[in-house]
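Q: Supplied structure: run39.txt, compact mmCIF, C-alpha atoms.
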# COMPACT_ATOMS: atom_id res chain seq x y z
CA MET A 217 133.76 131.89 93.87
CA THR A 218 133.08 131.96 90.14
CA GLN A 219 131.47 135.22 89.12
CA PHE A 220 127.83 134.94 88.12
CA LYS A 221 125.42 137.27 86.38
CA THR A 222 122.45 138.75 88.23
CA LEU A 223 119.41 140.83 87.35
CA ASP A 224 121.70 143.86 87.42
CA ASP A 225 123.34 142.56 84.24
CA VAL A 226 120.31 142.30 81.97
CA THR A 227 117.58 144.45 80.44
CA VAL A 228 114.33 142.52 80.61
CA ALA A 229 111.80 144.98 79.14
CA GLY A 230 109.76 143.23 76.46
CA LYS A 231 111.57 139.94 76.98
CA ARG A 232 110.08 136.58 77.88
CA VAL A 233 111.74 135.61 81.16
CA LEU A 234 111.73 131.96 82.21
CA LEU A 235 111.99 132.27 85.98
CA ARG A 236 112.68 129.00 87.80
CA VAL A 237 111.33 129.21 91.34
CA ASP A 238 110.73 126.89 94.28
CA LEU A 239 107.02 126.46 94.92
CA ASN A 240 107.25 123.01 96.49
CA VAL A 241 105.25 124.26 99.46
CA PRO A 242 103.38 122.28 102.13
CA MET A 243 99.66 121.87 101.46
CA GLN A 244 96.77 120.80 103.67
CA GLY A 245 93.28 120.28 102.34
CA GLY A 246 94.24 121.75 98.99
CA LYS A 247 95.47 124.98 100.56
CA VAL A 248 98.99 126.29 101.18
CA SER A 249 99.83 125.81 104.87
CA ASP A 250 103.16 127.66 104.82
CA ARG A 251 103.87 130.58 102.48
CA THR A 252 107.55 131.00 103.31
CA ARG A 253 108.89 129.74 99.98
CA ILE A 254 106.41 131.88 98.07
CA ALA A 255 107.49 134.97 99.98
CA ARG A 256 111.10 134.23 99.03
CA ILE A 257 110.45 134.49 95.29
CA LEU A 258 108.42 137.70 95.39
CA PRO A 259 111.36 140.15 95.08
CA SER A 260 112.55 138.61 91.80
CA VAL A 261 109.04 138.32 90.37
CA ARG A 262 108.19 141.92 91.27
CA GLU A 263 111.47 143.29 89.94
CA LEU A 264 111.18 141.50 86.61
CA SER A 265 107.56 142.53 86.21
CA ASP A 266 108.22 146.15 87.21
CA LYS A 267 111.03 146.32 84.65
CA GLY A 268 108.71 145.19 81.87
CA GLY A 269 109.65 141.54 81.64
CA ARG A 270 107.06 138.95 80.66
CA VAL A 271 107.49 136.61 83.62
CA ILE A 272 106.97 132.88 83.08
CA LEU A 273 107.22 130.94 86.33
CA LEU A 274 108.57 127.39 86.17
CA ALA A 275 108.39 125.12 89.20
CA HIS A 276 107.89 121.56 90.33
CA PHE A 277 105.61 120.20 93.03
CA GLY A 278 105.99 116.82 94.66
CA ARG A 279 107.08 113.70 92.80
CA PRO A 280 104.50 112.89 90.10
CA LYS A 281 107.05 110.64 88.35
CA GLY A 282 106.78 112.22 84.92
CA LYS A 283 103.01 112.03 84.57
CA PRO A 284 100.18 114.51 85.22
CA ASN A 285 98.70 114.12 88.68
CA PRO A 286 95.86 116.45 89.70
CA GLU A 287 96.91 116.20 93.36
CA MET A 288 100.26 117.76 92.46
CA SER A 289 99.00 120.53 90.23
CA LEU A 290 100.35 124.04 90.76
CA ALA A 291 96.94 125.53 89.89
CA PRO A 292 96.01 126.25 93.57
CA LEU A 293 99.13 128.38 93.93
CA ALA A 294 98.25 130.91 91.22
CA PRO A 295 95.63 132.75 93.34
CA VAL A 296 97.97 132.72 96.34
CA LEU A 297 100.74 134.24 94.23
CA SER A 298 98.29 136.82 92.90
CA GLU A 299 97.24 137.77 96.43
CA MET A 300 100.81 138.07 97.71
CA LEU A 301 102.04 139.99 94.66
CA GLY A 302 98.99 142.24 94.57
CA MET A 303 98.55 141.66 90.84
CA PRO A 304 96.97 139.09 88.51
CA VAL A 305 98.88 135.86 87.96
CA GLY A 306 97.78 133.69 85.06
CA PHE A 307 98.00 129.91 84.93
CA SER A 308 98.86 127.53 82.10
CA ASP A 309 97.62 123.94 82.19
CA ASP A 310 100.93 122.80 80.71
CA CYS A 311 104.51 124.04 80.79
CA VAL A 312 105.24 123.17 77.14
CA GLY A 313 103.28 122.56 73.95
CA PRO A 314 100.49 124.48 72.21
CA ILE A 315 98.71 125.51 75.43
CA ALA A 316 101.86 126.98 76.96
CA ALA A 317 102.96 128.61 73.70
CA GLY A 318 99.56 130.24 73.22
CA ILE A 319 99.51 131.71 76.71
CA VAL A 320 103.07 133.00 76.45
CA ALA A 321 102.31 134.58 73.07
CA GLY A 322 99.51 136.54 74.71
CA LEU A 323 101.64 137.99 77.51
CA LYS A 324 102.23 141.72 77.73
CA ASP A 325 105.11 143.53 79.36
CA GLY A 326 104.86 143.11 83.14
CA ASP A 327 102.51 140.11 83.01
CA VAL A 328 103.12 137.06 85.20
CA VAL A 329 102.01 133.51 84.45
CA LEU A 330 102.57 130.29 86.39
CA MET A 331 103.14 127.18 84.30
CA GLU A 332 101.95 123.74 85.35
CA ASN A 333 104.27 121.38 87.25
CA THR A 334 107.40 120.73 85.17
CA ARG A 335 107.60 117.22 86.63
CA PHE A 336 104.40 116.26 84.83
CA HIS A 337 106.83 115.50 81.98
CA ALA A 338 109.42 112.72 82.28
CA GLY A 339 111.88 114.92 80.39
CA GLU A 340 112.19 117.26 83.37
CA GLU A 341 114.05 114.98 85.78
CA ALA A 342 115.79 113.17 82.89
CA ASN A 343 117.06 116.55 81.64
CA ASP A 344 115.97 115.39 78.20
CA GLU A 345 117.36 117.58 75.44
CA ASP A 346 114.11 117.69 73.48
CA PHE A 347 112.16 118.74 76.57
CA VAL A 348 114.76 121.38 77.40
CA SER A 349 114.45 122.78 73.87
CA ARG A 350 110.66 122.93 74.18
CA LEU A 351 110.95 124.84 77.46
CA ALA A 352 113.65 127.15 76.07
CA SER A 353 111.48 128.03 73.06
CA LEU A 354 109.10 129.85 75.42
CA GLY A 355 111.71 132.33 76.68
CA ASP A 356 114.36 134.82 75.67
CA ILE A 357 116.36 134.63 78.92
CA PHE A 358 116.54 132.29 81.89
CA VAL A 359 116.64 133.36 85.53
CA ASN A 360 117.20 130.73 88.22
CA ASP A 361 115.87 131.71 91.62
CA ALA A 362 115.39 128.17 92.96
CA PHE A 363 118.52 127.64 95.06
CA SER A 364 116.96 124.64 96.80
CA ALA A 365 116.57 122.83 93.45
CA ALA A 366 119.84 123.98 91.90
CA HIS A 367 121.76 120.86 92.93
CA ARG A 368 119.60 118.79 90.58
CA ALA A 369 120.59 118.69 86.90
CA HIS A 370 117.02 118.87 85.62
CA ALA A 371 115.67 120.42 82.44
CA SER A 372 114.32 123.54 84.14
CA THR A 373 117.57 124.14 86.05
CA GLU A 374 120.78 122.94 84.40
CA GLY A 375 119.23 122.33 80.99
CA LEU A 376 117.86 125.81 80.40
CA ALA A 377 121.12 127.40 81.53
CA ARG A 378 122.78 125.80 78.50
CA HIS A 379 120.17 127.09 76.03
CA LEU A 380 119.48 130.67 77.06
CA PRO A 381 121.36 133.68 78.46
CA SER A 382 121.22 132.92 82.19
CA TYR A 383 121.13 134.96 85.39
CA ALA A 384 120.71 134.47 89.11
CA GLY A 385 117.52 135.77 90.69
CA ARG A 386 117.66 137.76 93.92
CA THR A 387 117.13 134.73 96.16
CA MET A 388 119.79 132.74 94.33
CA GLN A 389 122.13 135.73 94.47
CA ALA A 390 121.64 136.11 98.24
CA GLU A 391 122.29 132.41 98.83
CA LEU A 392 125.46 132.38 96.71
CA GLU A 393 126.79 135.51 98.39
CA ALA A 394 126.07 133.96 101.80
CA LEU A 395 127.96 130.82 100.78
CA GLU A 396 130.92 132.91 99.68
CA GLN A 397 130.91 134.75 102.98
CA GLY A 398 130.63 131.53 104.96
CA LEU A 399 132.97 129.31 102.96
CA GLY A 400 135.18 131.53 100.81
CA ASP A 401 136.97 133.53 103.50
CA PRO A 402 135.04 132.95 106.71
CA VAL A 403 135.54 134.15 110.27
CA ARG A 404 136.03 130.98 112.26
CA PRO A 405 134.67 128.89 113.81
CA VAL A 406 132.24 128.04 111.01
CA VAL A 407 129.24 125.77 111.55
CA ALA A 408 127.09 124.45 108.69
CA VAL A 409 123.57 123.19 109.33
CA VAL A 410 122.23 120.75 106.72
CA GLY A 411 118.79 119.16 106.67
CA GLY A 412 116.57 117.38 104.19
CA ALA A 413 115.37 113.88 103.63
CA LYS A 414 118.17 112.17 101.75
CA VAL A 415 121.92 111.73 101.93
CA SER A 416 121.91 110.43 98.32
CA THR A 417 121.14 113.86 96.85
CA LYS A 418 123.75 115.63 98.98
CA ILE A 419 126.77 113.28 99.07
CA ASP A 420 129.07 115.69 97.21
CA LEU A 421 127.85 118.63 99.28
CA LEU A 422 128.46 116.88 102.59
CA SER A 423 131.84 115.54 101.52
CA ASN A 424 132.88 119.05 100.50
CA LEU A 425 131.50 120.82 103.57
CA VAL A 426 133.31 118.66 106.13
CA LYS A 427 136.61 119.82 104.62
CA ARG A 428 135.64 123.50 104.94
CA VAL A 429 133.78 123.91 108.23
CA ASP A 430 134.61 123.33 111.86
CA ALA A 431 131.33 121.60 112.67
CA LEU A 432 128.54 120.11 110.56
CA VAL A 433 125.10 119.84 112.14
CA ILE A 434 122.92 117.27 110.37
CA GLY A 435 119.17 117.21 110.89
CA GLY A 436 115.99 116.10 109.16
CA GLY A 437 115.49 112.61 107.81
CA MET A 438 119.10 112.67 106.64
CA ALA A 439 120.27 112.39 110.25
CA ASN A 440 118.65 108.96 110.53
CA THR A 441 121.00 107.55 107.91
CA PHE A 442 124.01 108.69 109.94
CA LEU A 443 122.51 107.41 113.19
CA ALA A 444 121.78 104.04 111.60
CA ALA A 445 125.35 103.93 110.25
CA GLN A 446 126.48 104.24 113.88
CA GLY A 447 124.37 101.23 114.80
CA LYS A 448 121.49 103.13 116.37
CA SER A 449 117.90 102.01 115.80
CA VAL A 450 115.71 104.40 113.83
CA GLY A 451 112.60 102.23 113.70
CA ASN A 452 110.47 102.82 110.61
CA SER A 453 111.70 106.38 110.17
CA LEU A 454 112.89 107.66 106.81
CA CYS A 455 116.39 106.27 106.37
CA GLU A 456 118.67 105.26 103.48
CA HIS A 457 120.11 102.11 105.03
CA ASP A 458 121.92 101.28 101.78
CA LEU A 459 124.05 104.42 102.23
CA ALA A 460 125.44 103.43 105.62
CA ASP A 461 128.94 102.96 104.16
CA THR A 462 128.71 106.37 102.48
CA ALA A 463 127.69 107.99 105.76
CA ARG A 464 130.59 106.32 107.57
CA ALA A 465 132.99 107.50 104.84
CA ILE A 466 131.76 111.09 105.26
CA MET A 467 132.23 110.82 109.02
CA ALA A 468 135.76 109.50 108.50
CA THR A 469 136.57 112.36 106.14
CA ALA A 470 135.22 114.81 108.71
CA LYS A 471 137.38 113.32 111.46
CA ASP A 472 140.51 113.60 109.30
CA ALA A 473 139.62 117.22 108.50
CA GLY A 474 139.01 118.12 112.12
CA CYS A 475 135.31 118.72 111.54
CA GLU A 476 132.87 117.69 114.26
CA ILE A 477 129.66 116.09 112.99
CA VAL A 478 126.73 116.89 115.30
CA LEU A 479 123.72 114.56 115.20
CA PRO A 480 120.48 114.55 117.22
CA VAL A 481 120.71 112.99 120.68
CA ASP A 482 116.96 113.11 121.36
CA ALA A 483 113.98 112.21 119.20
CA VAL A 484 110.21 112.41 119.27
CA ILE A 485 108.68 109.04 118.39
CA ALA A 486 105.13 108.08 117.48
CA ARG A 487 103.30 104.91 116.49
CA GLU A 488 101.86 106.55 113.35
CA PHE A 489 102.76 109.47 111.12
CA LYS A 490 99.89 111.95 111.36
CA ALA A 491 99.01 115.20 113.05
CA GLY A 492 98.04 114.75 116.69
CA ALA A 493 99.43 111.23 117.01
CA ASP A 494 100.47 110.15 120.49
CA SER A 495 104.18 110.70 120.92
CA GLU A 496 106.95 110.43 123.48
Go ahead and render the structure in this file as structure tokens.
A:
Amino acid sequence: MTQFKTLDDVTVAGKRVLLRVDLNVPMQGGKVSDRTRIARILPSVRELSDKGGRVILLAHFGRPKGKPNPEMSLAPLAPVLSEMLGMPVGFSDDCVGPIAAGIVAGLKDGDVVLMENTRFHAGEEANDEDFVSRLASLGDIFVNDAFSAAHRAHASTEGLARHLPSYAGRTMQAELEALEQGLGDPVRPVVAVVGGAKVSTKIDLLSNLVKRVDALVIGGGMANTFLAAQGKSVGNSLCEHDLADTARAIMATAKDAGCEIVLPVDAVIAREFKAGADSE
């Protein structure tokens, strides 16, 4: 695996640290219903703060399609972060522009601030160079700790890594080291478990994995696309029917590589998608 720099390779005291994290957490009634992803980022946030870095948290939430959407604001997460960190966490109503710049300018060593949803700007998902530059102007270094978003070439992931000295956060480091252990020189047999909603965002990953592992277990909404490609009915479930040929090609590659693809054989079905719906 290509060597990468971690927090062990940088002095952060007095520096503005743009820390990309994954805060795309489940919410119910305006409150966080599962804090797992927040807990995962705490080690990096604490370490950077303890070492005197001025920590600027960048994250997305949902799919607001490049426009502000109050229902997808990160504002409710600031108090949760503060509670879990045991220290104040500020909040900026924007991730770029005068508001963001003013808040960042007021940070002191060890302070932590959460910026508003990066996807409130169309330049985020488009990886627009101007938007990247505006984000980069807020920091001295970039730390990516959002492994689950690292496959997307967005402004706050790939873009910033081209503009600022870049490092892997502790969560990213752990994930990359686990991948090296599992795929670089593994003890066989090796089984990979992949979930998520879409095949379209993971085509290269799946095509690569089937050549490296002995079995690939596919779950989540993604499994429906493979089941449909085999001619099975998936009803109104999430499914990318237009990628049936792609799914069949991945299965063919897996067969040639001696990799078994494992798909669900049972399913829970319901007439409507809501908590407590009758199911069978």
Q: Need the shell around A:Ser495: protein/DNA/RNA residues with any atom at most 7 Å away, counting all atoms listed in the file. Skip same-chain ones fewer than 3 positions apart. Format as a list of chain:residue names?
A: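 Listed by chain and then number, they are A:Val484, A:Ile485, A:Ala486.
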Q: Hey, which of A:Ala483, A:Val410, A:Val426, A:Leu454 ends up closest to A:Glu496? Count only C-alpha atoms.
A: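 Residue with the minimum atom-to-atom distance to A:Glu496: A:Ala483.
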Q: A:Pro284: which residues within 8 Å, counting only C-alpha atoms, same-chain residues fewer than 3 positions away excluded, as an MDAnalysis selection string?
A: chainID A and resid 280 288:289 336:337
Q: I need the residue nearest A:Ala338 from this list: A:Pro242, A:Gly282, A:Gly437, A:Gly385. Use all atoms listed in the file for the distance.
A: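 Nearest candidate to A:Ala338 out of A:Pro242, A:Gly282, A:Gly437, A:Gly385: A:Gly282.
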Q: Select, from A:Phe442, A:Phe363, A:Phe358, A:Phe489, the residue with the minimum atom-to-atom distance to A:Val226, counting all atoms listed in the file.
A: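 Smallest distance to A:Val226 is found for A:Phe358.
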Q: Provide the atom CA of A:Leu273 to atom CA of A:Lys418 distance in Å, to one decimal place.
A: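 A separation of 25.8 Å between them.
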Q: Got a sec: who's within 10 Å of A:Val328, counting all atoms listed in the file, leaving out chain neighbours fewer than 3 positions off, as an MDAnalysis selection string?
A: chainID A and resid 233 261:262 264:265 269:273 294 297:298 301 303:307 320 323:325 331
Q: Save out the residues we just selected, C-alpha atoms, as a CSV table (one decimal), in the frame of the given file.
A:
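Result written to again39.csv:
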chain,number,residue,atom,x,y,z
A,233,VAL,CA,111.7,135.6,81.2
A,261,VAL,CA,109.0,138.3,90.4
A,262,ARG,CA,108.2,141.9,91.3
A,264,LEU,CA,111.2,141.5,86.6
A,265,SER,CA,107.6,142.5,86.2
A,269,GLY,CA,109.6,141.5,81.6
A,270,ARG,CA,107.1,139.0,80.7
A,271,VAL,CA,107.5,136.6,83.6
A,272,ILE,CA,107.0,132.9,83.1
A,273,LEU,CA,107.2,130.9,86.3
A,294,ALA,CA,98.2,130.9,91.2
A,297,LEU,CA,100.7,134.2,94.2
A,298,SER,CA,98.3,136.8,92.9
A,301,LEU,CA,102.0,140.0,94.7
A,303,MET,CA,98.6,141.7,90.8
A,304,PRO,CA,97.0,139.1,88.5
A,305,VAL,CA,98.9,135.9,88.0
A,306,GLY,CA,97.8,133.7,85.1
A,307,PHE,CA,98.0,129.9,84.9
A,320,VAL,CA,103.1,133.0,76.4
A,323,LEU,CA,101.6,138.0,77.5
A,324,LYS,CA,102.2,141.7,77.7
A,325,ASP,CA,105.1,143.5,79.4
A,331,MET,CA,103.1,127.2,84.3
Q: Excluding same-chain residues fewer than 2 positions from A:Leu293, what lies within 10 Å of it counting all atoms listed in the file, as a CSV table (one decimal) with C-alpha atoms, in the frame of the given file?
A:
chain,number,residue,atom,x,y,z
A,239,LEU,CA,107.0,126.5,94.9
A,241,VAL,CA,105.2,124.3,99.5
A,243,MET,CA,99.7,121.9,101.5
A,246,GLY,CA,94.2,121.8,99.0
A,247,LYS,CA,95.5,125.0,100.6
A,248,VAL,CA,99.0,126.3,101.2
A,254,ILE,CA,106.4,131.9,98.1
A,289,SER,CA,99.0,120.5,90.2
A,290,LEU,CA,100.4,124.0,90.8
A,291,ALA,CA,96.9,125.5,89.9
A,295,PRO,CA,95.6,132.8,93.3
A,296,VAL,CA,98.0,132.7,96.3
A,297,LEU,CA,100.7,134.2,94.2
A,298,SER,CA,98.3,136.8,92.9
A,299,GLU,CA,97.2,137.8,96.4
A,305,VAL,CA,98.9,135.9,88.0
A,307,PHE,CA,98.0,129.9,84.9
A,330,LEU,CA,102.6,130.3,86.4
